[in-house]
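Structure file final_3.pdb; described as PDB, C-alpha atoms and all ligand atoms.
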MODEL        1
ATOM      1  CA  MET L   1     -76.746 -19.435  46.278
ATOM      2  CA  GLN L   2     -74.474 -20.541  49.052
ATOM      3  CA  VAL L   3     -71.672 -18.176  50.120
ATOM      4  CA  HIS L   4     -68.270 -19.853  49.878
ATOM      5  CA  HIS L   5     -65.982 -16.993  50.902
ATOM      6  CA  ILE L   6     -65.479 -13.259  51.196
ATOM      7  CA  GLY L   7     -62.477 -11.991  49.241
ATOM      8  CA  TYR L   8     -60.219  -9.351  50.786
ATOM      9  CA  LEU L   9     -57.779  -7.310  48.799
ATOM     10  CA  ILE L  10     -54.775  -6.696  51.035
ATOM     11  CA  LYS L  11     -51.355  -5.122  50.838
ATOM     12  CA  ARG L  12     -49.308  -7.328  53.170
ATOM     13  CA  MET L  13     -50.129 -10.994  53.690
ATOM     14  CA  ASN L  14     -48.411 -11.360  57.073
ATOM     15  CA  LYS L  15     -50.108  -8.312  58.561
ATOM     16  CA  ALA L  16     -53.519  -9.357  57.238
ATOM     17  CA  LEU L  17     -53.084 -12.903  58.577
ATOM     18  CA  SER L  18     -52.194 -11.549  62.017
ATOM     19  CA  ALA L  19     -55.180  -9.210  61.967
ATOM     20  CA  PHE L  20     -57.644 -11.996  61.074
ATOM     21  CA  GLU L  21     -56.051 -14.400  63.569
ATOM     22  CA  TYR L  22     -56.546 -11.734  66.224
ATOM     23  CA  LEU L  23     -60.257 -11.771  65.291
ATOM     24  CA  GLY L  24     -60.377 -15.528  65.852
ATOM     25  CA  TYR L  25     -59.882 -16.808  62.301
ATOM     26  CA  ARG L  26     -57.636 -19.799  61.589
ATOM     27  CA  ARG L  27     -55.779 -20.581  58.366
ATOM     28  CA  THR L  28     -57.116 -23.531  56.421
ATOM     29  CA  GLY L  29     -54.013 -23.858  54.240
ATOM     30  CA  ALA L  30     -50.674 -22.350  53.314
ATOM     31  CA  VAL L  31     -50.112 -19.091  51.473
ATOM     32  CA  VAL L  32     -50.021 -19.991  47.778
ATOM     33  CA  TYR L  33     -49.116 -18.055  44.650
ATOM     34  CA  ASP L  34     -51.935 -17.925  42.074
ATOM     35  CA  GLU L  35     -50.502 -17.490  38.583
ATOM     36  CA  GLY L  36     -53.787 -16.432  36.976
ATOM     37  CA  ARG L  37     -54.285 -13.506  39.316
ATOM     38  CA  ASP L  38     -50.563 -12.897  39.925
ATOM     39  CA  ALA L  39     -51.260 -12.732  43.649
ATOM     40  CA  GLU L  40     -50.550 -14.544  46.924
ATOM     41  CA  LEU L  41     -53.683 -16.189  48.329
ATOM     42  CA  CYS L  42     -54.565 -17.617  51.729
ATOM     43  CA  PHE L  43     -57.862 -18.887  53.162
ATOM     44  CA  LEU L  44     -59.032 -18.604  56.781
ATOM     45  CA  LYS L  45     -62.132 -19.746  58.660
ATOM     46  CA  SER L  46     -63.780 -18.045  61.579
ATOM     47  CA  ALA L  47     -64.012 -19.868  64.872
ATOM     48  CA  GLY L  48     -67.356 -20.771  66.409
ATOM     49  CA  GLY L  49     -70.594 -21.624  64.702
ATOM     50  CA  GLY L  50     -70.626 -19.106  61.865
ATOM     51  CA  LYS L  51     -67.826 -20.664  59.833
ATOM     52  CA  ILE L  52     -67.218 -17.640  57.667
ATOM     53  CA  CYS L  53     -64.467 -18.253  55.111
ATOM     54  CA  VAL L  54     -62.196 -15.371  54.122
ATOM     55  CA  GLU L  55     -59.828 -15.305  51.151
ATOM     56  CA  LEU L  56     -56.869 -12.966  51.406
ATOM     57  CA  VAL L  57     -55.594 -11.729  48.032
ATOM     58  CA  ALA L  58     -52.259  -9.897  47.988
ATOM     59  CA  PRO L  59     -51.569  -8.842  44.377
ATOM     60  CA  ARG L  60     -48.026  -8.379  43.139
ATOM     61  CA  ARG L  61     -47.080  -5.094  41.481
ATOM     62  CA  THR L  62     -47.417  -6.761  38.064
ATOM     63  CA  SER L  63     -50.950  -8.055  38.800
ATOM     64  CA  SER L  64     -54.052  -6.694  37.055
ATOM     65  CA  LEU L  65     -55.497  -6.378  40.581
ATOM     66  CA  TYR L  66     -52.747  -4.024  41.726
ATOM     67  CA  GLY L  67     -54.659  -0.985  40.414
ATOM     68  CA  LEU L  68     -57.660  -1.936  42.569
ATOM     69  CA  LEU L  69     -55.443  -2.242  45.628
ATOM     70  CA  LYS L  70     -54.058   1.248  44.955
ATOM     71  CA  VAL L  71     -57.589   2.695  44.895
ATOM     72  CA  TYR L  72     -59.267   0.725  47.691
ATOM     73  CA  LYS L  73     -56.316  -0.158  49.982
ATOM     74  CA  ASN L  74     -57.205  -3.034  52.315
ATOM     75  CA  THR L  75     -60.830  -3.962  51.759
ATOM     76  CA  ALA L  76     -63.399  -6.688  51.197
ATOM     77  CA  TYR L  77     -64.032  -6.650  47.441
ATOM     78  CA  HIS L  78     -65.985  -9.735  46.413
ATOM     79  CA  ILE L  79     -68.273 -12.456  47.703
ATOM     80  CA  CYS L  80     -67.904 -15.906  46.162
ATOM     81  CA  TYR L  81     -70.978 -18.120  45.690
ATOM     82  CA  GLN L  82     -70.743 -21.862  45.169
ATOM     83  CA  VAL L  83     -72.952 -23.101  42.328
ATOM     84  CA  ASP L  84     -73.604 -26.455  40.636
ATOM     85  CA  SER L  85     -72.771 -25.157  37.179
ATOM     86  CA  ILE L  86     -70.953 -21.898  36.403
ATOM     87  CA  GLN L  87     -72.025 -22.174  32.784
ATOM     88  CA  GLU L  88     -75.735 -22.332  33.620
ATOM     89  CA  GLU L  89     -75.525 -19.646  36.285
ATOM     90  CA  VAL L  90     -73.687 -17.229  33.992
ATOM     91  CA  VAL L  91     -76.422 -17.497  31.342
ATOM     92  CA  ARG L  92     -79.032 -16.662  33.969
ATOM     93  CA  MET L  93     -77.031 -13.819  35.514
ATOM     94  CA  GLU L  94     -76.150 -12.224  32.177
ATOM     95  CA  GLN L  95     -79.872 -11.994  31.488
ATOM     96  CA  ASN L  96     -80.080 -10.043  34.737
ATOM     97  CA  GLY L  97     -77.492  -7.384  33.992
ATOM     98  CA  TYR L  98     -74.307  -9.147  35.092
ATOM     99  CA  ARG L  99     -71.281  -9.123  32.813
ATOM    100  CA  MET L 100     -68.654 -11.844  33.004
ATOM    101  CA  PHE L 101     -65.170 -10.310  32.897
ATOM    102  CA  ARG L 102     -63.115 -13.380  33.812
ATOM    103  CA  GLU L 103     -63.970 -16.631  32.092
ATOM    104  CA  PRO L 104     -64.031 -19.852  34.161
ATOM    105  CA  GLU L 105     -60.518 -20.936  35.139
ATOM    106  CA  PRO L 106     -59.009 -23.416  37.604
ATOM    107  CA  ALA L 107     -58.699 -22.267  41.227
ATOM    108  CA  PRO L 108     -56.004 -24.532  42.705
ATOM    109  CA  ALA L 109     -55.920 -22.539  45.954
ATOM    110  CA  ILE L 110     -59.492 -23.720  46.632
ATOM    111  CA  GLY L 111     -59.136 -27.280  45.400
ATOM    112  CA  GLU L 112     -57.985 -29.585  42.615
ATOM    113  CA  ASN L 113     -61.444 -29.696  41.042
ATOM    114  CA  ALA L 114     -62.383 -26.076  41.631
ATOM    115  CA  SER L 115     -62.984 -23.521  38.926
ATOM    116  CA  VAL L 116     -64.074 -19.913  39.305
ATOM    117  CA  ALA L 117     -65.444 -17.103  37.150
ATOM    118  CA  PHE L 118     -65.920 -13.408  37.924
ATOM    119  CA  LEU L 119     -68.896 -11.246  37.047
ATOM    120  CA  MET L 120     -69.682  -7.582  37.525
ATOM    121  CA  SER L 121     -73.052  -6.228  38.569
ATOM    122  CA  PRO L 122     -73.805  -2.556  37.959
ATOM    123  CA  ALA L 123     -75.697  -2.589  41.273
ATOM    124  CA  ILE L 124     -73.411  -4.515  43.639
ATOM    125  CA  GLY L 125     -70.015  -4.822  41.962
ATOM    126  CA  MET L 126     -67.904  -7.942  41.772
ATOM    127  CA  VAL L 127     -69.277 -11.451  42.275
ATOM    128  CA  GLU L 128     -67.322 -14.703  42.019
ATOM    129  CA  LEU L 129     -68.830 -18.068  41.134
ATOM    130  CA  LEU L 130     -67.236 -21.330  42.258
ATOM    131  CA  GLU L 131     -67.918 -24.782  40.860
ATOM    132  CA  MET L 132     -66.464 -27.943  42.369
ATOM    133  CA  LYS L 133     -66.355 -30.406  39.496
ATOM    134  CA  GLN L 134     -67.580 -33.899  40.318
ATOM    135  CA  THR L 135     -64.831 -36.492  40.199
ATOM    136  CA  ARG L 136     -65.599 -39.804  38.550
ATOM    137  CA  ASP L 137     -64.956 -42.903  40.536
TER     138      ASP L 137
HETATM  139 NI    NI I   1     -62.455 -15.319  45.746
ENDMDL
END
Transcribe the structure of this file into structure tokens.
Amino acid sequence: MQVHHIGYLIKRMNKALSAFEYLGYRRTGAVVYDEGRDAELCFLKSAGGGKICVELVAPRRTSSLYGLLKVYKNTAYHICYQVDSIQEEVVRMEQNGYRMFREPEPAPAIGENASVAFLMSPAIGMVELLEMKQTRD
């Protein structure tokens, strides 16, 4: 599976943006509010050949992610893999011990046709799946 981004749980968006920009990352879009996760999101890409994409997630106090932030502070907390079909991948992964805890939902911060789902592995923790739906022309 192809890695799409690494998700970082962070307390303060501006400080995290500065820190990643210092490391050579550049924003690929504006900071947006994601209703589903009740968090501010922003994506950055590393300079140079590697092209690592980082997603900054700053949960509000009312977010279900706020508890995680309290425990882990500022940290990388998931890797997102781009797949052709979330539905098919979830069937396969659930047979291999993964448990889906967030059903597929739109991910407007990534793109108009993007949807994501979250799974938990007892061995490696949280994994996100991303599907870019094909648009008909
Ligand atoms: Ni993510």
Enumerate, as a list in words, the residues matched when the PyMOL selection byres (((chain L and resi 85) around 9) and not hetatm) is run on the file above.
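Residues picked by the PyMOL selection byres (((chain L and resi 85) around 9) and not hetatm): Gln82, Val83, Asp84, Ile86, Gln87, Glu88, Glu89, Val90, Leu130, Glu131, Met132 and Lys133 of chain L.
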Please enumerate the residues selected by the PyMOL selection byres (((not hetatm)) within 8 of (chain I and resi 1)) when evaluated against the supplied file, formatted as a list of chain:residue names.
L:His5, L:Ile6, L:Gly7, L:Glu55, L:His78, L:Ile79, L:Cys80, L:Glu128
Applying 10 Å and only C-alpha atoms, which residues near Glu21 in chain L remain after dropping the ones on its own chain fewer than 6 positions away? List them as number ranges by chain.
L: 15, 27, 44-47
So that I can check the surroundings of range 48-51 of chain L, please list as a PyMOL selection string every protein, DNA and RNA residue that reaches within 12 Å of it, counting all atoms listed in the file and ignoring chain neighbours fewer than 4 positions away.
chain L and resi 3-6+23-26+28+44
Nearest to Thr75 in chain L, chosen from L:Ile10, L:Met100, L:Ala30, L:Ala109, with all atoms listed in the file counted in the distances:
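Checking each candidate against Thr75 in chain L, we get L:Ile10 as the closest.
Interatomic distance, CA of Met93 in chain L against CA of Ser63 in chain L: 26.9 Å.
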Residues matched by the PyMOL selection byres (((chain L and resi 56) around 10) and not hetatm), written as number ranges by chain:
L: 5-13, 16-17, 20, 31, 39-44, 53-55, 57-59, 74-76
Work out how far CA of Glu35 in chain L is from CA of Leu119 in chain L, in Å to one decimal.
19.5 Å
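Pairwise distance (CA of Arg61 in chain L, CA of Val116 in chain L) equals 22.7 Å.
With distances restricted to all atoms listed in the file, L:Leu129 is the closest residue to Ala117 in chain L from L:Asn14, L:Tyr33, L:Leu129, L:Met1.
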Rank nothing, just name the residue among L:Glu94, L:Ala19, L:Tyr72, L:Asp34 nearest to Arg60 in chain L, using only C-alpha atoms.
L:Asp34
